[in-house]
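K.L.:
Got a structure for you, upload-v3.pdb, holding PDB, C-alpha atoms and all ligand atoms.
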```
ATOM      1  CA  MET A   1     -13.385 140.465  92.596
ATOM      2  CA  ARG A   2     -15.920 139.085  90.167
ATOM      3  CA  ILE A   3     -17.498 135.658  89.871
ATOM      4  CA  GLY A   4     -19.005 134.102  86.760
ATOM      5  CA  HIS A   5     -20.895 130.927  85.979
ATOM      6  CA  GLY A   6     -21.056 129.079  82.669
ATOM      7  CA  PHE A   7     -23.168 126.127  81.582
ATOM      8  CA  ASP A   8     -23.184 124.248  78.293
ATOM      9  CA  SER A   9     -24.391 120.962  76.826
ATOM     10  CA  HIS A  10     -23.854 119.154  73.547
ATOM     11  CA  GLU A  11     -25.182 115.942  72.103
ATOM     12  CA  PHE A  12     -22.889 113.110  71.051
ATOM     13  CA  ARG A  13     -22.805 112.313  67.345
ATOM     14  CA  ALA A  14     -21.005 109.663  65.366
ATOM     15  CA  GLY A  15     -18.412 110.541  62.783
ATOM     16  CA  ILE A  16     -16.814 113.557  64.462
ATOM     17  CA  SER A  17     -13.840 113.796  66.793
ATOM     18  CA  LEU A  18     -14.356 114.488  70.487
ATOM     19  CA  LYS A  19     -12.820 117.693  71.845
ATOM     20  CA  ILE A  20     -13.019 118.550  75.518
ATOM     21  CA  GLY A  21     -10.993 121.348  77.078
ATOM     22  CA  GLY A  22      -8.985 121.866  73.905
ATOM     23  CA  ILE A  23      -7.834 118.230  73.862
ATOM     24  CA  THR A  24      -8.901 115.627  71.323
ATOM     25  CA  LEU A  25      -9.964 112.423  73.094
ATOM     26  CA  ALA A  26     -10.135 108.993  71.500
ATOM     27  CA  HIS A  27     -13.832 108.028  71.374
ATOM     28  CA  ASP A  28     -16.287 106.626  68.846
ATOM     29  CA  GLN A  29     -18.393 109.807  68.915
ATOM     30  CA  GLY A  30     -17.816 113.538  69.139
ATOM     31  CA  LEU A  31     -19.925 116.456  70.326
ATOM     32  CA  GLY A  32     -22.174 118.025  67.735
ATOM     33  CA  GLY A  33     -22.496 121.761  67.412
ATOM     34  CA  HIS A  34     -21.723 124.552  65.048
ATOM     35  CA  SER A  35     -18.125 124.930  66.218
ATOM     36  CA  ASP A  36     -15.930 122.009  67.324
ATOM     37  CA  GLY A  37     -18.491 121.324  70.097
ATOM     38  CA  ASP A  38     -16.002 121.752  72.953
ATOM     39  CA  VAL A  39     -18.522 121.834  75.788
ATOM     40  CA  LEU A  40     -15.926 122.669  78.455
ATOM     41  CA  LEU A  41     -14.315 125.593  76.609
ATOM     42  CA  HIS A  42     -17.795 126.980  75.874
ATOM     43  CA  ALA A  43     -18.795 126.877  79.550
ATOM     44  CA  ILE A  44     -15.482 128.494  80.568
ATOM     45  CA  THR A  45     -15.977 131.196  77.932
ATOM     46  CA  ASP A  46     -19.459 131.975  79.274
ATOM     47  CA  ALA A  47     -18.205 131.994  82.870
ATOM     48  CA  LEU A  48     -15.555 134.596  81.965
ATOM     49  CA  LEU A  49     -18.005 136.695  79.948
ATOM     50  CA  GLY A  50     -20.627 136.455  82.681
ATOM     51  CA  ALA A  51     -18.164 137.612  85.326
ATOM     52  CA  ILE A  52     -17.733 140.942  83.522
ATOM     53  CA  ALA A  53     -21.395 141.111  82.442
ATOM     54  CA  ALA A  54     -20.393 140.929  78.768
ATOM     55  CA  PRO A  55     -22.646 139.439  76.073
ATOM     56  CA  ASP A  56     -22.591 135.626  76.118
ATOM     57  CA  ILE A  57     -20.886 133.237  73.702
ATOM     58  CA  GLY A  58     -23.998 132.873  71.542
ATOM     59  CA  ALA A  59     -24.277 136.650  71.144
ATOM     60  CA  LEU A  60     -20.576 137.142  70.335
ATOM     61  CA  PHE A  61     -20.268 134.137  68.028
ATOM     62  CA  PRO A  62     -23.739 133.488  66.579
ATOM     63  CA  PRO A  63     -24.245 129.860  65.471
ATOM     64  CA  ALA A  64     -26.032 131.282  62.392
ATOM     65  CA  ASP A  65     -22.733 132.847  61.261
ATOM     66  CA  ALA A  66     -21.002 130.478  58.809
ATOM     67  CA  LYS A  67     -17.676 131.912  60.010
ATOM     68  CA  TRP A  68     -17.844 129.797  63.185
ATOM     69  CA  LYS A  69     -18.645 126.493  61.504
ATOM     70  CA  GLY A  70     -16.186 123.922  62.816
ATOM     71  CA  ALA A  71     -14.276 126.700  64.624
ATOM     72  CA  ASP A  72     -11.638 125.899  67.240
ATOM     73  CA  SER A  73     -13.349 126.906  70.491
ATOM     74  CA  ALA A  74     -10.035 128.256  71.795
ATOM     75  CA  VAL A  75     -10.832 131.280  69.610
ATOM     76  CA  PHE A  76     -13.941 131.975  71.751
ATOM     77  CA  LEU A  77     -12.017 131.535  74.971
ATOM     78  CA  ARG A  78      -9.241 133.889  73.845
ATOM     79  CA  GLU A  79     -11.791 136.588  72.980
ATOM     80  CA  ALA A  80     -13.446 136.233  76.392
ATOM     81  CA  LEU A  81     -10.046 136.436  78.084
ATOM     82  CA  LYS A  82      -9.168 139.551  76.110
ATOM     83  CA  ARG A  83     -12.396 141.173  77.270
ATOM     84  CA  VAL A  84     -11.658 140.177  80.872
ATOM     85  CA  ARG A  85      -8.214 141.785  80.644
ATOM     86  CA  ASP A  86      -9.551 144.877  78.884
ATOM     87  CA  ALA A  87     -12.016 145.249  81.760
ATOM     88  CA  GLY A  88      -9.041 145.296  84.137
ATOM     89  CA  TYR A  89      -9.334 141.791  85.546
ATOM     90  CA  GLY A  90      -7.277 138.638  85.553
ATOM     91  CA  VAL A  91      -8.375 135.046  86.144
ATOM     92  CA  ALA A  92      -7.785 133.915  89.734
ATOM     93  CA  ASN A  93      -9.077 130.362  89.246
ATOM     94  CA  ILE A  94     -11.802 128.326  87.625
ATOM     95  CA  ASP A  95     -13.571 125.173  88.720
ATOM     96  CA  ALA A  96     -15.368 122.882  86.303
ATOM     97  CA  SER A  97     -17.676 119.868  86.491
ATOM     98  CA  LEU A  98     -18.194 117.661  83.471
ATOM     99  CA  ILE A  99     -21.143 115.279  83.335
ATOM    100  CA  LEU A 100     -20.956 112.561  80.717
ATOM    101  CA  ALA A 101     -21.405 108.805  80.495
ATOM    102  CA  ALA A 102     -18.276 108.174  78.409
ATOM    103  CA  PRO A 103     -15.394 108.318  77.822
ATOM    104  CA  LYS A 104     -13.791 108.324  81.258
ATOM    105  CA  ILE A 105     -12.212 111.724  81.886
ATOM    106  CA  GLY A 106      -9.894 110.650  84.716
ATOM    107  CA  PRO A 107      -7.026 109.465  82.497
ATOM    108  CA  HIS A 108      -7.164 112.731  80.515
ATOM    109  CA  ALA A 109      -7.847 115.147  83.376
ATOM    110  CA  GLY A 110      -4.191 116.167  83.724
ATOM    111  CA  ALA A 111      -3.872 116.991  80.024
ATOM    112  CA  ILE A 112      -7.184 118.873  79.953
ATOM    113  CA  ARG A 113      -6.296 120.928  83.037
ATOM    114  CA  ALA A 114      -2.866 121.740  81.596
ATOM    115  CA  ARG A 115      -4.330 122.862  78.262
ATOM    116  CA  VAL A 116      -7.034 124.978  79.899
ATOM    117  CA  ALA A 117      -4.432 126.555  82.230
ATOM    118  CA  GLU A 118      -2.273 127.325  79.212
ATOM    119  CA  LEU A 119      -5.198 128.939  77.370
ATOM    120  CA  LEU A 120      -6.102 131.007  80.441
ATOM    121  CA  GLY A 121      -2.507 131.940  81.256
ATOM    122  CA  VAL A 122      -2.808 130.619  84.829
ATOM    123  CA  ALA A 123      -0.991 127.949  86.832
ATOM    124  CA  GLY A 124      -2.221 124.359  86.598
ATOM    125  CA  ASP A 125      -3.451 124.411  90.185
ATOM    126  CA  CYS A 126      -5.846 127.245  89.287
ATOM    127  CA  VAL A 127      -7.946 124.904  87.130
ATOM    128  CA  GLY A 128     -10.234 122.480  88.962
ATOM    129  CA  LEU A 129     -11.852 119.664  87.011
ATOM    130  CA  LYS A 130     -14.260 116.984  88.175
ATOM    131  CA  ALA A 131     -16.080 114.485  86.028
ATOM    132  CA  LYS A 132     -19.257 112.637  86.913
ATOM    133  CA  THR A 133     -21.526 110.211  85.138
ATOM    134  CA  PRO A 134     -25.144 111.347  84.632
ATOM    135  CA  GLU A 135     -26.719 109.154  87.326
ATOM    136  CA  GLY A 136     -30.488 109.416  87.154
ATOM    137  CA  LEU A 137     -30.409 112.218  84.606
ATOM    138  CA  SER A 138     -31.177 110.160  81.477
ATOM    139  CA  LEU A 139     -28.480 112.065  79.625
ATOM    140  CA  GLU A 140     -26.487 109.140  78.261
ATOM    141  CA  ASN A 141     -25.990 110.826  74.905
ATOM    142  CA  THR A 142     -25.124 114.290  76.199
ATOM    143  CA  ALA A 143     -22.072 116.011  77.645
ATOM    144  CA  VAL A 144     -22.723 118.808  80.147
ATOM    145  CA  ALA A 145     -20.262 121.291  81.624
ATOM    146  CA  HIS A 146     -20.669 123.649  84.577
ATOM    147  CA  VAL A 147     -17.932 126.187  85.311
ATOM    148  CA  VAL A 148     -17.388 128.908  87.865
ATOM    149  CA  ALA A 149     -14.650 131.474  87.354
ATOM    150  CA  LEU A 150     -13.216 133.943  89.836
ATOM    151  CA  LEU A 151     -11.634 137.129  88.502
ATOM    152  CA  GLU A 152      -9.522 139.597  90.420
ATOM    153  CA  LYS A 153      -8.829 143.230  89.669
ATOM    154  CA  ARG A 154      -5.292 143.659  88.360
ATOM    155  CA  PRO A 155      -3.107 146.755  88.398
ATOM    156  CA  ALA A 156      -2.279 147.829  84.800
ATOM    157  CA  LYS A 157       1.413 146.939  85.197
ATOM    158  CA  LYS A 158       0.694 143.420  86.375
ATOM    159  CA  LEU A 159      -1.686 142.887  83.472
ATOM    160  CA  THR A 160       1.019 143.771  80.959
ATOM    161  CA  ALA A 161       3.477 141.472  82.728
ATOM    162  CA  ASP A 162       0.889 138.658  82.726
ATOM    163  CA  ARG A 163       0.337 139.019  79.011
ATOM    164  CA  ALA A 164       4.069 138.934  78.301
ATOM    165  CA  ARG A 165       4.474 135.885  80.525
ATOM    166  CA  ALA A 166       1.525 134.090  78.929
ATOM    167  CA  LYS A 167       3.107 134.631  75.512
ATOM    168  CA  SER A 168       6.568 133.411  76.443
ATOM    169  CA  LYS A 169       5.401 130.590  78.685
ATOM    170  CA  LYS A 170       5.356 127.154  77.156
ATOM    171  CA  LYS A 171       6.280 125.149  80.187
ATOM    172  CA  LYS A 172       4.772 121.769  80.839
ATOM    173  CA  SER A 173       2.323 121.770  83.660
ATOM    174  CA  LYS A 174       2.834 119.530  86.623
ATOM    175  CA  LYS A 175       1.136 116.199  86.894
ATOM    176  CA  ARG A 176      -0.557 115.247  90.089
TER     177      ARG A 176
HETATM  178 ZN    ZN B   1     -21.413 124.823  73.283
END
```
Spit out the file's structure as structure tokens when you get a sec.

P.N.:
Amino acid sequence: MRIGHGFDSHEFRAGISLKIGGITLAHDQGLGGHSDGDVLLHAITDALLGAIAAPDIGALFPPADAKWKGADSAVFLREALKRVRDAGYGVANIDASLILAAPKIGPHAGAIRARVAELLGVAGDCVGLKAKTPEGLSLENTAVAHVVALLEKRPAKKLTADRARAKSKKKKSKKR
């Protein structure tokens, strides 16, 4: 088994849409950054890359490269997942904590977990998500994400089956 940790933060800015965990949330501000600013997908990507001791998201997708301007962060996550699979591992589960003052994540947590599970090719109950407000942190204008990911070694056959299943699977994930 392997464990990885990812951390990311982005500042809120007016005039852009807010994307968290691959979902667009209704809010008067979005997260600034070179890509779409998806703080959660970035932290997950780094957790996966860290677990296999691969270069981090900034090294693989340099912010200085115009190619990644406004990019869908799912692209980064898919590349990290490919590297995880190429290294002979599969995702067992991830657990994430989001820290932000607004908007409230609770009403969207089910949709975010389902989208992240879909991107990772795992069951919905393999994606943990908690949200907290930044009490005492003076980070009212910032969104922070912490993620831990557990990987398990997969036999080659199971990996191929997982990939096929991930491709064909478009089922709705269960709501809690
Ligand atoms: Zn980021």

K.L.:
How many Å lie between CA of Glu152 (chain A) and CA of Gly106 (chain A), rounded to one decimal?

P.N.:
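Result for CA of Glu152 (chain A) versus CA of Gly106 (chain A): 29.5 Å, one decimal.
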
K.L.:
Step by step, measure atom-to-atom distances between ligand ZN 1 (chain B) and each residue using all atoms listed in the file, keep those at most 6 Å, then write them as a PDB file with C-alpha atoms, keeping the file's coordinate frame.

P.N.:
```
ATOM      1  CA  ASP A   8     -23.184 124.248  78.293  1.00  0.00           C
ATOM      2  CA  GLY A  37     -18.491 121.324  70.097  1.00  0.00           C
ATOM      3  CA  VAL A  39     -18.522 121.834  75.788  1.00  0.00           C
ATOM      4  CA  HIS A  42     -17.795 126.980  75.874  1.00  0.00           C
TER       5      HIS A  42
END
```

K.L.:
Which residue, A:Ile16, A:Lys67, A:Asp36, A:Ala96, has the smallest gap to Val148 (chain A) when you use all atoms listed in the file?

P.N.:
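For Val148 (chain A), the nearest of the given residues is A:Ala96.
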
K.L.:
Of the residues A:Ile94, A:Val116, A:Leu100, A:Ile105, which is the one nearest to Glu11 (chain A), using all atoms listed in the file?

P.N.:
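Using all atoms listed in the file, Glu11 (chain A) sits closest to A:Leu100.
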
K.L.:
I'd like to know which of A:Asp95, A:Ala131, A:Val84, A:His34 is closest to Trp68 (chain A), using all atoms listed in the file.

P.N.:
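Of A:Asp95, A:Ala131, A:Val84, A:His34, the one nearest Trp68 (chain A) is A:His34, counting all atoms listed in the file.
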
K.L.:
Carefully work through the PyMOL selection byres (((chain A and resi 19) around 12) and not hetatm) for this structure and note down the residues it includes, as an MDAnalysis selection string.

P.N.:
chainID A and resid 10 12 16:18 20:33 35:42 70:74 103 105 108 112 115 143

K.L.:
Hey, which of A:Glu79, A:Ala59, A:Ala43, A:Gly88 ends up closest to Lys153 (chain A)? Count all atoms listed in the file.

P.N.:
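Between A:Glu79, A:Ala59, A:Ala43, A:Gly88, the residue approaching Lys153 (chain A) most closely is A:Gly88.
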
K.L.:
Using 4 Å of padding on each side, determine the axis-aligned box around all atoms of region 69-87 of chain A present in the file and give its centre and edge lengths in Å to one decimal, as lines of an AutoDock Vina configuration file.

P.N.:
```
center_x = -13.4
center_y = 134.6
center_z = 71.6
size_x = 18.4
size_y = 29.3
size_z = 28.3
```

K.L.:
Here's the selection I'm unsure about, the PyMOL selection byres (((chain A and resi 135-139) around 10) and not hetatm); applied to the file above, which residues does it give, as a PyMOL selection string?

P.N.:
chain A and resi 11+99-101+132-134+140-144

K.L.:
Figure out the distance between CA of Phe7 (chain A) and CA of Arg154 (chain A), please, to one decimal in Å.

P.N.:
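CA of Phe7 (chain A) lies 25.9 Å from CA of Arg154 (chain A).
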
K.L.:
Residue by residue, what does the PyMOL selection byres (((chain A and resi 124-128) around 12) and not hetatm) grab here? Present the result as a PyMOL selection string.

P.N.:
chain A and resi 21+40+44+91-98+109-123+129-131+146-151+171-176

K.L.:
Got a sec to write region 114-169 of chain A of the block to a file, C-alpha atoms, as a PDB file, in the first residue's frame?

P.N.:
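The file below, part_33.pdb, is the result:
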```pdb
ATOM      1  CA  ALA A 114     -20.103  11.481  -6.807  1.00  0.00           C
ATOM      2  CA  ARG A 115     -18.114  13.456  -9.388  1.00  0.00           C
ATOM      3  CA  VAL A 116     -14.788  12.807  -7.660  1.00  0.00           C
ATOM      4  CA  ALA A 117     -15.634   9.081  -7.363  1.00  0.00           C
ATOM      5  CA  GLU A 118     -16.474   9.032 -11.057  1.00  0.00           C
ATOM      6  CA  LEU A 119     -13.177  10.723 -11.962  1.00  0.00           C
ATOM      7  CA  LEU A 120     -11.229   8.290  -9.767  1.00  0.00           C
ATOM      8  CA  GLY A 121     -13.159   5.222 -10.917  1.00  0.00           C
ATOM      9  CA  VAL A 122     -14.049   4.244  -7.331  1.00  0.00           C
ATOM     10  CA  ALA A 123     -17.314   3.743  -5.451  1.00  0.00           C
ATOM     11  CA  GLY A 124     -18.959   6.769  -3.841  1.00  0.00           C
ATOM     12  CA  ASP A 125     -18.224   5.475  -0.354  1.00  0.00           C
ATOM     13  CA  CYS A 126     -14.489   5.599  -1.130  1.00  0.00           C
ATOM     14  CA  VAL A 127     -14.545   9.412  -1.215  1.00  0.00           C
ATOM     15  CA  GLY A 128     -14.720  11.196   2.139  1.00  0.00           C
ATOM     16  CA  LEU A 129     -15.462  14.911   2.197  1.00  0.00           C
ATOM     17  CA  LYS A 130     -15.699  17.286   5.136  1.00  0.00           C
ATOM     18  CA  ALA A 131     -16.066  21.030   5.000  1.00  0.00           C
ATOM     19  CA  LYS A 132     -15.160  23.488   7.725  1.00  0.00           C
ATOM     20  CA  THR A 133     -15.174  27.239   8.060  1.00  0.00           C
ATOM     21  CA  PRO A 134     -11.788  28.886   8.731  1.00  0.00           C
ATOM     22  CA  GLU A 135     -12.346  29.650  12.425  1.00  0.00           C
ATOM     23  CA  GLY A 136      -9.483  31.735  13.754  1.00  0.00           C
ATOM     24  CA  LEU A 137      -7.443  31.372  10.583  1.00  0.00           C
ATOM     25  CA  SER A 138      -8.196  34.783   9.031  1.00  0.00           C
ATOM     26  CA  LEU A 139      -8.675  33.093   5.677  1.00  0.00           C
ATOM     27  CA  GLU A 140     -12.081  34.493   4.765  1.00  0.00           C
ATOM     28  CA  ASN A 141     -11.082  35.017   1.147  1.00  0.00           C
ATOM     29  CA  THR A 142      -9.320  31.695   0.619  1.00  0.00           C
ATOM     30  CA  ALA A 143     -10.340  28.108  -0.061  1.00  0.00           C
ATOM     31  CA  VAL A 144      -8.031  25.398   1.290  1.00  0.00           C
ATOM     32  CA  ALA A 145      -8.098  21.665   0.606  1.00  0.00           C
ATOM     33  CA  HIS A 146      -6.292  18.837   2.392  1.00  0.00           C
ATOM     34  CA  VAL A 147      -6.479  15.321   0.952  1.00  0.00           C
ATOM     35  CA  VAL A 148      -5.073  11.947   1.878  1.00  0.00           C
ATOM     36  CA  ALA A 149      -5.181   9.094  -0.611  1.00  0.00           C
ATOM     37  CA  LEU A 150      -4.578   5.406  -0.024  1.00  0.00           C
ATOM     38  CA  LEU A 151      -3.391   3.285  -2.944  1.00  0.00           C
ATOM     39  CA  GLU A 152      -3.242  -0.481  -3.109  1.00  0.00           C
ATOM     40  CA  LYS A 153      -1.138  -2.687  -5.334  1.00  0.00           C
ATOM     41  CA  ARG A 154      -3.278  -4.251  -8.051  1.00  0.00           C
ATOM     42  CA  PRO A 155      -2.648  -7.412 -10.043  1.00  0.00           C
ATOM     43  CA  ALA A 156      -2.304  -6.570 -13.779  1.00  0.00           C
ATOM     44  CA  LYS A 157      -5.565  -8.350 -14.661  1.00  0.00           C
ATOM     45  CA  LYS A 158      -7.590  -6.432 -12.109  1.00  0.00           C
ATOM     46  CA  LEU A 159      -6.139  -3.157 -13.352  1.00  0.00           C
ATOM     47  CA  THR A 160      -7.311  -3.864 -16.894  1.00  0.00           C
ATOM     48  CA  ALA A 161     -10.757  -4.829 -15.610  1.00  0.00           C
ATOM     49  CA  ASP A 162     -10.905  -1.631 -13.521  1.00  0.00           C
ATOM     50  CA  ARG A 163     -10.079   0.499 -16.524  1.00  0.00           C
ATOM     51  CA  ALA A 164     -12.749  -1.190 -18.638  1.00  0.00           C
ATOM     52  CA  ARG A 165     -15.290  -0.773 -15.850  1.00  0.00           C
ATOM     53  CA  ALA A 166     -14.389   2.881 -15.310  1.00  0.00           C
ATOM     54  CA  LYS A 167     -14.961   3.520 -19.016  1.00  0.00           C
ATOM     55  CA  SER A 168     -18.318   1.782 -19.237  1.00  0.00           C
ATOM     56  CA  LYS A 169     -19.586   2.945 -15.863  1.00  0.00           C
TER      57      LYS A 169
END
```
